[in-house]
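Shown here: work_33.cif, mmCIF, C-alpha atoms.
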data_target
#
loop_
_atom_site.label_atom_id
_atom_site.label_comp_id
_atom_site.auth_asym_id
_atom_site.auth_seq_id
_atom_site.Cartn_x
_atom_site.Cartn_y
_atom_site.Cartn_z
CA MET A 1 122.20 67.65 49.89
CA PRO A 2 123.71 69.34 46.79
CA GLY A 3 125.06 67.18 43.99
CA PRO A 4 128.58 67.29 42.55
CA ARG A 5 129.87 70.75 41.64
CA ARG A 6 130.35 71.22 37.90
CA ILE A 7 133.89 72.24 36.90
CA LEU A 8 134.38 73.61 33.38
CA ILE A 9 137.79 72.45 32.16
CA PHE A 10 138.56 74.91 29.37
CA GLN A 11 141.37 73.90 26.97
CA ASN A 12 142.56 75.28 23.63
CA ARG A 13 143.07 71.85 22.05
CA PHE A 14 144.21 68.37 23.08
CA ARG A 15 147.32 67.70 21.04
CA ILE A 16 150.15 65.65 22.54
CA GLY A 17 151.91 67.63 25.24
CA GLY A 18 152.72 67.63 28.92
CA GLN A 19 150.09 70.20 29.90
CA GLU A 20 147.40 68.39 27.91
CA ARG A 21 148.28 65.08 29.61
CA GLN A 22 147.92 66.73 33.01
CA THR A 23 144.49 68.06 32.04
CA VAL A 24 143.36 64.60 30.97
CA LEU A 25 144.72 63.11 34.19
CA ASN A 26 142.79 65.68 36.22
CA VAL A 27 139.55 64.90 34.37
CA ARG A 28 140.02 61.13 34.61
CA SER A 29 140.84 61.10 38.32
CA MET A 30 138.07 63.41 39.57
CA ASP A 31 135.77 62.00 42.23
CA ARG A 32 132.49 62.24 40.33
CA ALA A 33 130.54 62.23 43.59
CA ARG A 34 132.14 65.60 44.43
CA PHE A 35 132.99 67.20 41.08
CA ASP A 36 131.52 66.79 37.61
CA PRO A 37 134.03 67.68 34.86
CA VAL A 38 132.66 69.48 31.81
CA VAL A 39 135.26 69.98 29.07
CA ALA A 40 135.22 72.79 26.51
CA VAL A 41 137.73 73.44 23.73
CA LEU A 42 138.48 76.14 21.20
CA HIS A 43 139.62 73.58 18.61
CA LEU A 44 138.37 70.00 18.46
CA ASP A 45 141.61 68.26 17.58
CA GLY A 46 144.41 66.28 19.17
CA ASP A 47 145.29 62.71 20.06
CA HIS A 48 144.18 63.17 23.68
CA LEU A 49 140.54 63.54 22.60
CA GLN A 50 140.40 59.74 22.56
CA ASP A 51 141.57 59.68 26.19
CA LEU A 52 138.70 61.99 27.11
CA GLU A 53 136.22 59.82 25.24
CA ASP A 54 137.53 56.77 27.10
CA ALA A 55 136.78 58.69 30.31
CA GLY A 56 133.21 59.31 29.12
CA VAL A 57 133.74 63.01 28.35
CA ARG A 58 132.94 64.76 25.06
CA PRO A 59 134.13 68.36 24.74
CA VAL A 60 131.88 71.25 23.84
CA VAL A 61 133.41 73.42 21.09
CA PHE A 62 133.65 77.21 21.10
CA ASP A 63 135.49 77.77 17.84
CA VAL A 64 137.18 81.16 17.90
CA GLY A 65 139.05 80.48 14.66
CA GLY A 66 142.72 81.17 14.06
CA ARG A 67 143.07 84.49 15.95
CA MET A 68 141.64 85.71 19.22
CA ILE A 69 141.22 89.39 18.29
CA ARG A 70 138.37 89.22 15.78
CA PRO A 71 134.58 89.79 15.84
CA ASN A 72 133.80 86.07 16.14
CA THR A 73 135.54 86.01 19.52
CA ALA A 74 132.89 88.28 21.04
CA TRP A 75 130.17 85.96 19.73
CA GLN A 76 131.92 82.90 21.16
CA LEU A 77 132.42 84.69 24.49
CA ALA A 78 128.67 85.32 24.67
CA ARG A 79 128.07 81.62 23.93
CA ILE A 80 130.44 80.60 26.73
CA VAL A 81 128.66 82.86 29.21
CA ARG A 82 125.25 81.42 28.26
CA PHE A 83 126.64 77.90 28.52
CA VAL A 84 128.12 78.53 31.98
CA ARG A 85 124.80 79.83 33.25
CA ALA A 86 122.67 77.16 31.60
CA GLU A 87 124.87 74.28 32.78
CA ARG A 88 125.22 75.69 36.31
CA ILE A 89 129.01 75.69 36.12
CA ALA A 90 130.50 76.31 39.57
CA VAL A 91 134.09 77.07 38.51
CA ILE A 92 135.82 77.77 35.20
CA HIS A 93 139.27 76.19 35.16
CA ALA A 94 141.18 77.55 32.16
CA GLN A 95 144.29 75.71 31.04
CA ASP A 96 146.39 77.81 28.64
CA VAL A 97 146.98 81.34 27.36
CA TYR A 98 143.92 81.62 25.11
CA THR A 99 141.46 79.97 27.49
CA ASN A 100 142.94 81.84 30.45
CA VAL A 101 141.93 85.13 28.80
CA LEU A 102 138.53 84.00 27.48
CA GLY A 103 137.76 82.03 30.62
CA THR A 104 138.46 85.00 32.86
CA LEU A 105 136.20 87.29 30.80
CA ALA A 106 133.43 84.68 30.71
CA ALA A 107 133.69 84.04 34.44
CA ARG A 108 133.38 87.71 35.29
CA LEU A 109 130.32 88.10 33.05
CA ALA A 110 128.72 84.91 34.40
CA ARG A 111 129.78 85.77 37.98
CA VAL A 112 131.52 82.47 38.76
CA PRO A 113 135.05 81.88 40.08
CA VAL A 114 137.86 81.28 37.59
CA ILE A 115 141.20 79.51 37.82
CA VAL A 116 143.99 80.54 35.45
CA THR A 117 146.67 77.90 34.78
CA ARG A 118 150.34 78.71 34.18
CA VAL A 119 152.80 75.84 33.78
CA ASP A 120 155.75 77.55 32.06
CA LEU A 121 157.71 80.78 32.19
CA GLY A 122 156.17 82.18 29.01
CA HIS A 123 159.15 81.73 26.68
CA HIS A 124 156.76 81.25 23.75
CA LEU A 125 154.63 84.34 24.36
CA GLU A 126 154.86 87.07 21.74
CA GLY A 127 153.09 90.36 21.07
CA TYR A 128 149.82 90.93 22.89
CA ARG A 129 149.65 87.48 24.47
CA ARG A 130 152.00 88.21 27.38
CA PRO A 131 150.19 91.35 28.69
CA LEU A 132 146.82 89.61 28.23
CA LEU A 133 147.99 86.62 30.28
CA GLN A 134 149.33 88.91 32.99
CA ALA A 135 146.04 90.82 33.12
CA ALA A 136 144.02 87.60 33.32
CA SER A 137 146.26 86.36 36.12
CA ARG A 138 145.78 89.53 38.14
CA VAL A 139 141.96 89.33 38.06
CA ALA A 140 141.53 85.55 38.40
CA ASP A 141 140.32 84.08 41.68
CA ARG A 142 143.23 81.64 41.66
CA VAL A 143 146.36 81.19 39.54
CA LEU A 144 147.40 77.54 39.41
CA VAL A 145 151.12 76.89 38.89
CA ASN A 146 153.12 73.69 39.03
CA ALA A 147 156.49 75.17 40.06
CA LEU A 148 157.75 77.65 42.63
CA CYS A 149 159.57 79.64 39.96
CA ILE A 150 156.26 80.24 38.14
CA ARG A 151 154.63 81.25 41.42
CA ASP A 152 157.38 83.81 41.95
CA LEU A 153 156.95 85.13 38.39
CA ALA A 154 153.19 85.57 38.87
CA VAL A 155 153.75 87.46 42.12
CA ARG A 156 156.29 89.75 40.43
CA GLU A 157 153.66 90.47 37.78
CA GLY A 158 151.20 91.67 40.39
CA VAL A 159 149.26 88.56 41.45
CA GLU A 160 148.57 88.48 45.19
CA ALA A 161 150.58 85.65 46.73
CA ASP A 162 147.58 84.14 48.54
CA ARG A 163 145.79 83.66 45.20
CA VAL A 164 148.57 81.50 43.72
CA ALA A 165 148.05 77.76 44.21
CA VAL A 166 150.96 75.37 43.65
CA VAL A 167 149.64 72.05 42.28
CA ARG A 168 152.43 69.64 41.42
CA ASN A 169 152.23 67.57 38.25
CA GLY A 170 150.83 64.12 38.88
CA VAL A 171 152.31 60.87 37.63
CA ASP A 172 150.07 57.82 37.27
CA LEU A 173 152.69 55.29 38.34
CA GLU A 174 150.46 52.25 37.91
CA ALA A 175 149.69 53.19 34.31
CA LEU A 176 153.35 53.98 33.53
CA ASP A 177 154.53 50.69 35.02
CA ARG A 178 151.93 48.81 33.01
CA GLU A 179 152.97 50.53 29.77
CA ALA A 180 156.66 49.99 30.54
CA ARG A 181 156.16 46.22 30.65
CA ARG A 182 154.89 46.18 27.08
CA ALA A 183 157.25 45.70 24.16
CA PRO A 184 158.01 49.04 22.47
CA GLU A 185 156.82 49.71 18.94
CA HIS A 186 159.18 49.70 15.97
CA PRO A 187 161.67 51.15 15.41
CA VAL A 188 163.20 49.95 18.68
CA PRO A 189 166.63 51.38 19.58
CA GLU A 190 169.12 49.13 21.34
CA PRO A 191 168.87 49.07 25.16
CA GLY A 192 171.09 51.40 27.17
CA ALA A 193 170.57 54.65 25.24
CA VAL A 194 170.26 58.19 26.55
CA VAL A 195 166.68 59.37 25.95
CA CYS A 196 165.40 62.93 25.44
CA ILE A 197 161.63 63.47 25.21
CA ALA A 198 160.71 66.97 24.07
CA ASN A 199 158.78 68.64 21.27
CA MET A 200 160.74 70.09 18.39
CA HIS A 201 158.72 73.25 17.81
CA HIS A 202 160.99 75.76 19.55
CA PRO A 203 164.76 76.10 20.14
CA VAL A 204 164.08 76.54 23.86
CA LYS A 205 164.13 72.75 24.25
CA GLY A 206 167.87 72.77 23.59
CA GLN A 207 168.18 69.74 21.32
CA SER A 208 170.96 71.50 19.36
CA ASP A 209 173.03 71.70 22.56
CA LEU A 210 172.29 68.04 23.22
CA LEU A 211 173.50 66.98 19.79
CA MET A 212 176.74 68.90 20.27
CA ALA A 213 177.14 67.28 23.68
CA MET A 214 176.56 63.88 22.12
CA ARG A 215 179.42 64.46 19.70
CA GLU A 216 181.71 64.90 22.74
CA VAL A 217 180.28 61.83 24.44
CA LEU A 218 180.93 59.68 21.38
CA ARG A 219 184.59 60.65 21.31
CA THR A 220 185.00 58.84 24.62
CA ARG A 221 182.16 56.31 24.35
CA PRO A 222 181.68 55.44 20.67
CA ASP A 223 179.08 52.84 21.69
CA ALA A 224 176.76 55.47 23.19
CA ARG A 225 173.39 56.19 21.59
CA LEU A 226 170.94 59.07 21.78
CA VAL A 227 167.18 58.65 21.30
CA LEU A 228 165.13 61.78 20.58
CA VAL A 229 161.38 61.42 21.01
CA GLY A 230 159.21 64.27 19.76
CA GLU A 231 158.02 66.02 16.64
CA GLY A 232 157.93 69.56 15.33
CA LEU A 233 159.02 72.01 12.66
CA ARG A 234 162.65 71.90 13.84
CA ARG A 235 163.08 68.16 13.35
CA PRO A 236 164.61 68.41 9.81
CA LEU A 237 167.02 71.08 11.06
CA LEU A 238 168.09 68.86 13.97
CA GLU A 239 168.53 65.86 11.71
CA ARG A 240 170.75 67.94 9.42
CA LEU A 241 172.78 69.08 12.43
CA ALA A 242 173.31 65.46 13.50
CA ARG A 243 174.60 64.66 10.00
CA ARG A 244 176.90 67.71 10.01
CA LEU A 245 178.32 66.67 13.36
CA GLY A 246 178.95 63.17 12.04
CA ILE A 247 176.80 61.45 14.67
CA SER A 248 173.61 60.66 12.76
CA ASP A 249 174.24 56.91 12.95
CA ARG A 250 174.20 57.12 16.77
CA CYS A 251 171.15 59.43 17.03
CA HIS A 252 167.68 57.98 16.59
CA PHE A 253 164.85 60.43 15.80
CA LEU A 254 161.66 58.56 16.63
CA GLY A 255 159.04 61.32 16.27
CA HIS A 256 155.89 61.17 18.42
CA ARG A 257 155.70 57.97 20.43
CA LEU A 258 152.88 56.76 22.63
CA ASP A 259 155.12 54.07 24.14
CA ALA A 260 157.58 56.40 25.89
CA PRO A 261 157.49 54.41 29.17
CA ALA A 262 158.61 51.27 27.33
CA LEU A 263 161.48 53.21 25.74
CA LEU A 264 162.52 54.75 29.06
CA ALA A 265 162.42 51.40 30.84
CA ARG A 266 165.11 50.14 28.44
CA ALA A 267 167.32 53.25 28.60
CA ALA A 268 170.40 54.15 30.62
CA ALA A 269 169.58 57.79 31.41
CA GLY A 270 167.16 60.59 30.70
CA VAL A 271 168.28 64.04 29.57
CA SER A 272 166.75 67.50 29.29
CA ALA A 273 168.72 70.33 27.65
CA SER A 274 165.98 72.97 27.86
CA HIS A 275 166.70 76.66 28.27
CA ALA A 276 163.37 77.19 30.10
CA GLU A 277 161.00 74.79 31.89
CA GLY A 278 158.24 74.66 34.43
CA ILE A 279 157.98 71.14 35.81
CA SER A 280 158.89 68.74 33.01
CA ASN A 281 156.65 65.68 32.62
CA ALA A 282 159.40 64.04 30.59
CA ILE A 283 161.82 64.35 33.50
CA LEU A 284 159.23 63.01 35.95
CA GLU A 285 158.51 60.03 33.71
CA SER A 286 162.22 59.29 33.38
CA MET A 287 162.52 59.36 37.16
CA ALA A 288 159.44 57.15 37.50
CA MET A 289 161.16 54.60 35.25
CA ARG A 290 164.18 54.65 37.61
CA LEU A 291 166.46 56.57 35.28
CA PRO A 292 169.06 59.08 36.46
CA VAL A 293 168.59 62.43 34.76
CA VAL A 294 171.02 65.02 33.43
CA ALA A 295 169.17 68.31 33.06
CA THR A 296 169.77 72.02 32.75
CA ARG A 297 169.43 74.17 35.85
CA VAL A 298 166.44 76.19 34.63
CA GLY A 299 162.95 77.03 35.86
CA GLY A 300 161.39 74.31 37.98
CA THR A 301 163.86 71.57 37.05
CA PRO A 302 165.97 71.98 40.25
CA GLU A 303 162.75 71.32 42.19
CA VAL A 304 162.70 67.85 40.62
CA VAL A 305 166.31 66.91 39.84
CA ARG A 306 168.34 67.13 43.05
CA GLU A 307 172.03 67.52 42.30
CA GLY A 308 173.96 64.35 43.09
CA GLN A 309 170.89 62.48 44.38
CA ASN A 310 168.80 61.48 41.39
CA GLY A 311 170.84 63.15 38.66
CA PHE A 312 173.01 66.09 37.71
CA LEU A 313 172.26 69.73 36.89
CA VAL A 314 174.26 71.68 34.32
CA PRO A 315 174.03 75.25 32.99
CA PRO A 316 171.80 75.80 29.95
CA GLY A 317 173.61 76.25 26.65
CA ALA A 318 176.70 74.37 27.87
CA PRO A 319 177.18 71.23 25.72
CA ALA A 320 180.58 70.43 27.28
CA ALA A 321 179.13 70.29 30.80
CA LEU A 322 176.20 68.23 29.55
CA ALA A 323 178.59 65.76 27.90
CA ARG A 324 180.72 65.40 31.06
CA ARG A 325 177.74 64.50 33.21
CA LEU A 326 176.36 62.05 30.64
CA LEU A 327 179.76 60.34 30.58
CA ASP A 328 179.77 60.18 34.38
CA LEU A 329 176.54 58.19 34.23
CA LEU A 330 177.42 56.01 31.26
CA ARG A 331 180.65 54.79 32.85
CA ASP A 332 179.12 53.97 36.26
CA PRO A 333 176.21 51.47 36.29
CA ALA A 334 176.06 51.45 40.12
CA LEU A 335 175.65 55.22 40.18
CA ARG A 336 172.87 54.99 37.60
CA ARG A 337 171.01 52.42 39.68
CA ARG A 338 171.38 54.38 42.90
CA MET A 339 170.22 57.65 41.34
CA GLY A 340 167.42 55.90 39.49
CA GLU A 341 166.00 54.42 42.68
CA ARG A 342 166.18 57.78 44.41
CA GLY A 343 164.34 59.42 41.51
CA ARG A 344 161.56 56.85 41.70
CA ARG A 345 161.12 57.53 45.43
CA ILE A 346 160.88 61.29 44.80
CA VAL A 347 158.08 60.72 42.30
CA GLU A 348 156.27 58.34 44.64
CA GLU A 349 156.51 60.72 47.60
CA GLU A 350 155.93 64.10 45.91
CA PHE A 351 154.41 63.67 42.43
CA GLY A 352 152.04 60.73 42.72
CA LEU A 353 148.47 60.82 41.46
CA ALA A 354 147.07 60.92 45.00
CA GLN A 355 149.07 64.03 45.89
CA MET A 356 147.93 65.79 42.71
CA ARG A 357 144.29 64.85 43.37
CA LEU A 358 144.35 66.20 46.90
CA SER A 359 145.69 69.54 45.65
CA TYR A 360 143.06 69.88 42.92
CA ASP A 361 140.25 68.88 45.26
CA ALA A 362 141.32 71.40 47.89
CA LEU A 363 141.43 74.13 45.24
CA TYR A 364 137.99 73.31 43.85
CA HIS A 365 136.50 72.94 47.33
CA ASP A 366 137.90 76.31 48.37
CA LEU A 367 136.21 78.08 45.44
CA THR A 368 132.93 76.17 45.37
CA GLU A 369 132.28 76.32 49.11
CA ASP A 370 132.96 80.07 49.37
CA PRO A 371 129.61 81.76 48.68
CA SER A 372 131.24 85.06 47.70
CA PRO A 373 134.24 84.56 45.38
CA ARG A 374 136.59 87.44 44.93
CA ILE A 375 135.31 90.02 42.41
CA VAL A 376 137.80 92.56 41.14
CA ALA A 377 136.64 96.16 41.15
CA GLY A 378 135.47 97.27 37.73
CA LEU A 379 135.20 93.71 36.40
CA GLY A 380 132.46 92.24 38.60
#
Show how you would write the structure in this file as C-alpha cells.
Amino acid sequence: MPGPRRILIFQNRFRIGGQERQTVLNVRSMDRARFDPVVAVLHLDGDHLQDLEDAGVRPVVFDVGGRMIRPNTAWQLARIVRFVRAERIAVIHAQDVYTNVLGTLAARLARVPVIVTRVDLGHHLEGYRRPLLQAASRVADRVLVNALCIRDLAVREGVEADRVAVVRNGVDLEALDREARRAPEHPVPEPGAVVCIANMHHPVKGQSDLLMAMREVLRTRPDARLVLVGEGLRRPLLERLARRLGISDRCHFLGHRLDAPALLARAAAGVSASHAEGISNAILESMAMRLPVVATRVGGTPEVVREGQNGFLVPPGAPAALARRLLDLLRDPALRRRMGERGRRIVEEEFGLAQMRLSYDALYHDLTEDPSPRIVAGLG
C-alpha cells in the first residue's frame, strides 16, 4: 500500500498576512497518513516560520534574489526540478504570484501536477507580473481560489471553469476562542471600540476612508474609538491624517499584533473599508468573535457579510455611508448582539477548519489519484 503523497507547499515568504496564515493552517491540519507536506520558500523570513517549526516543518530555500527575471532564476528553477524528482513530490501547490510562475514551470519540467493559488483580484500586480500570473493560471492543472469573484476573473482570463477549485478560507475556532480568553498585550484600548485589521502597505485597504468616516462618527458619538491593527509604509501618512482630522486622540494605531482575537473579543464592531478583497481573514475573525461587521461591497466580501444579517455593506470610497452604518451599530447593542451571533454561525457552518480540510483533501486526492494529469500542449 503506498505511503502518504508528498505535497510541495511553495511560498514566497512567511511574513504576517492572511494568505500566509491560511498556508500554515493547511500544513498544520494535513492528515499525515494521507499527505506529507514539504515546504519550500524563495525567502527564509517571516514570523510564521515559527508556526511551521512548531508543526515540525522546516522549509527548503530556493533563493531567487530580489527579482525574478535574472540568470539566477534559471539556476534555481533547475534546483527545484531536481528536488521535486529526488523527493518524489506528487503535487506542487504554489501559493502566490512568484511561486505560481516558478512552480508551474518546475511542474511541467518535472512532469507533476501543479496547483496555482489566487486569493485576491490582483490589485497589487504591476508590469509583467499580471500576464505571467494569467499564463501560469491557464496552464496549471488546478487554480485554487477562495472566492467566487476570483473564480469568475480566472475564467474570464481563459482558465477552463472545471479547473478552478473554490476552497474557502478556514478558521480555527478552537484556537481563536482560546486566544480570545487571554488578556491582550499592552497597549490595551478601552472595551467597545471599532476595530479594523489590515496591512498598511497599499491604499486599497481604505484606511483613509475609514478615518474620514470616524470623524463623522465622533460628531454624533464623541465617546467612540477606532483601533487600527496593522503595519506598513502608509502608517505615518495615516497617523498624520488622523491628526489633521482632529481625531488622533480617539484613534489607536497598534501596529502588528499577535493577540488580535483578544482585541476583537473586547470590541463593539469590526470594519473593513477596502476597495478590493478576496475573502478577508480579518472579517472572518471578527465574525468568529461574534462582532457585527461594516464592510465595503467589494470582491468576495458580500459572500461573507450578508446585508442586514451579520453586518452592513456600503460602497467603497464612501466615508459618509460607512459612518452611518457604524453609528447604527454603536447606538443599538441588541442589534450588535444579534448580528454577532449570526456571524459566528456563518463561520461555524461555512468557514470552519473541517470544511477547509475536506476541500483541500479532495483537491489533492483528485490530482494524486489521477495517473495522467493534464499536460498542456507545447509545455509537457
Test item: residues at most 12 Å from Gly308 in chain A, only C-alpha atoms, excluding those fewer than 5 positions along its chain, as an mmCIF file with C-alpha atoms, in the frame of the given file:
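The result, written out as out_27.cif:
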data_model
loop_
_atom_site.group_PDB
_atom_site.id
_atom_site.type_symbol
_atom_site.label_atom_id
_atom_site.label_comp_id
_atom_site.auth_asym_id
_atom_site.auth_seq_id
_atom_site.Cartn_x
_atom_site.Cartn_y
_atom_site.Cartn_z
ATOM 1 C CA PRO A 292 169.060 59.080 36.460
ATOM 2 C CA VAL A 293 168.590 62.430 34.760
ATOM 3 C CA VAL A 294 171.020 65.020 33.430
ATOM 4 C CA ALA A 295 169.170 68.310 33.060
ATOM 5 C CA PRO A 302 165.970 71.980 40.250
ATOM 6 C CA LEU A 313 172.260 69.730 36.890
ATOM 7 C CA VAL A 314 174.260 71.680 34.320
ATOM 8 C CA ARG A 325 177.740 64.500 33.210
ATOM 9 C CA ASP A 328 179.770 60.180 34.380
ATOM 10 C CA LEU A 329 176.540 58.190 34.230
ATOM 11 C CA LEU A 335 175.650 55.220 40.180
ATOM 12 C CA ARG A 336 172.870 54.990 37.600
ATOM 13 C CA ARG A 338 171.380 54.380 42.900
ATOM 14 C CA MET A 339 170.220 57.650 41.340
ATOM 15 C CA GLY A 340 167.420 55.900 39.490
ATOM 16 C CA ARG A 342 166.180 57.780 44.410
ATOM 17 C CA GLY A 343 164.340 59.420 41.510
#
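Distances here use all atoms listed in the file; by that measure, the residue among A:His256, A:Lys205, A:Arg215, A:Arg240 closest to Val298 in chain A is A:Lys205.
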Give me the residues within 12 Å of Ala260 in chain A as a PDB file with C-alpha atoms, keeping the file's coordinate frame, counting all atoms listed in the file and dropping any in the same chain fewer than 2 places off.
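Output contents, as saved in part-v8.pdb:
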ATOM      1  CA  ALA A 175     149.690  53.190  34.310  1.00  0.00           C
ATOM      2  CA  LEU A 176     153.350  53.980  33.530  1.00  0.00           C
ATOM      3  CA  ASP A 177     154.530  50.690  35.020  1.00  0.00           C
ATOM      4  CA  ARG A 178     151.930  48.810  33.010  1.00  0.00           C
ATOM      5  CA  GLU A 179     152.970  50.530  29.770  1.00  0.00           C
ATOM      6  CA  ALA A 180     156.660  49.990  30.540  1.00  0.00           C
ATOM      7  CA  ARG A 181     156.160  46.220  30.650  1.00  0.00           C
ATOM      8  CA  ARG A 182     154.890  46.180  27.080  1.00  0.00           C
ATOM      9  CA  ALA A 183     157.250  45.700  24.160  1.00  0.00           C
ATOM     10  CA  PRO A 184     158.010  49.040  22.470  1.00  0.00           C
ATOM     11  CA  GLU A 185     156.820  49.710  18.940  1.00  0.00           C
ATOM     12  CA  VAL A 188     163.200  49.950  18.680  1.00  0.00           C
ATOM     13  CA  VAL A 195     166.680  59.370  25.950  1.00  0.00           C
ATOM     14  CA  CYS A 196     165.400  62.930  25.440  1.00  0.00           C
ATOM     15  CA  ILE A 197     161.630  63.470  25.210  1.00  0.00           C
ATOM     16  CA  ALA A 198     160.710  66.970  24.070  1.00  0.00           C
ATOM     17  CA  VAL A 227     167.180  58.650  21.300  1.00  0.00           C
ATOM     18  CA  LEU A 228     165.130  61.780  20.580  1.00  0.00           C
ATOM     19  CA  VAL A 229     161.380  61.420  21.010  1.00  0.00           C
ATOM     20  CA  GLY A 230     159.210  64.270  19.760  1.00  0.00           C
ATOM     21  CA  LEU A 254     161.660  58.560  16.630  1.00  0.00           C
ATOM     22  CA  GLY A 255     159.040  61.320  16.270  1.00  0.00           C
ATOM     23  CA  HIS A 256     155.890  61.170  18.420  1.00  0.00           C
ATOM     24  CA  ARG A 257     155.700  57.970  20.430  1.00  0.00           C
ATOM     25  CA  LEU A 258     152.880  56.760  22.630  1.00  0.00           C
ATOM     26  CA  ALA A 262     158.610  51.270  27.330  1.00  0.00           C
ATOM     27  CA  LEU A 263     161.480  53.210  25.740  1.00  0.00           C
ATOM     28  CA  LEU A 264     162.520  54.750  29.060  1.00  0.00           C
ATOM     29  CA  ALA A 265     162.420  51.400  30.840  1.00  0.00           C
ATOM     30  CA  ARG A 266     165.110  50.140  28.440  1.00  0.00           C
ATOM     31  CA  ALA A 267     167.320  53.250  28.600  1.00  0.00           C
ATOM     32  CA  GLY A 270     167.160  60.590  30.700  1.00  0.00           C
ATOM     33  CA  ASN A 281     156.650  65.680  32.620  1.00  0.00           C
ATOM     34  CA  ALA A 282     159.400  64.040  30.590  1.00  0.00           C
ATOM     35  CA  ILE A 283     161.820  64.350  33.500  1.00  0.00           C
ATOM     36  CA  GLU A 285     158.510  60.030  33.710  1.00  0.00           C
ATOM     37  CA  SER A 286     162.220  59.290  33.380  1.00  0.00           C
ATOM     38  CA  ALA A 288     159.440  57.150  37.500  1.00  0.00           C
ATOM     39  CA  MET A 289     161.160  54.600  35.250  1.00  0.00           C
TER      40      MET A 289
END
Which one is closest to Leu42 in chain A: A:Asp54, A:Asp209, A:Asp63, A:Glu307? Count all atoms listed in the file.
A:Asp63
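With CA of Ile89 in chain A on one side and CA of Arg151 in chain A on the other, the separation reads 26.7 Å.
With distances taken over all atoms listed in the file, A:Ala276 is the one residue among A:Ile115, A:Ala362, A:Ala154, A:Ala276 lying closest to Pro203 in chain A.
The space separating CA of Gly127 in chain A from CA of Asp45 in chain A comes to 25.1 Å.
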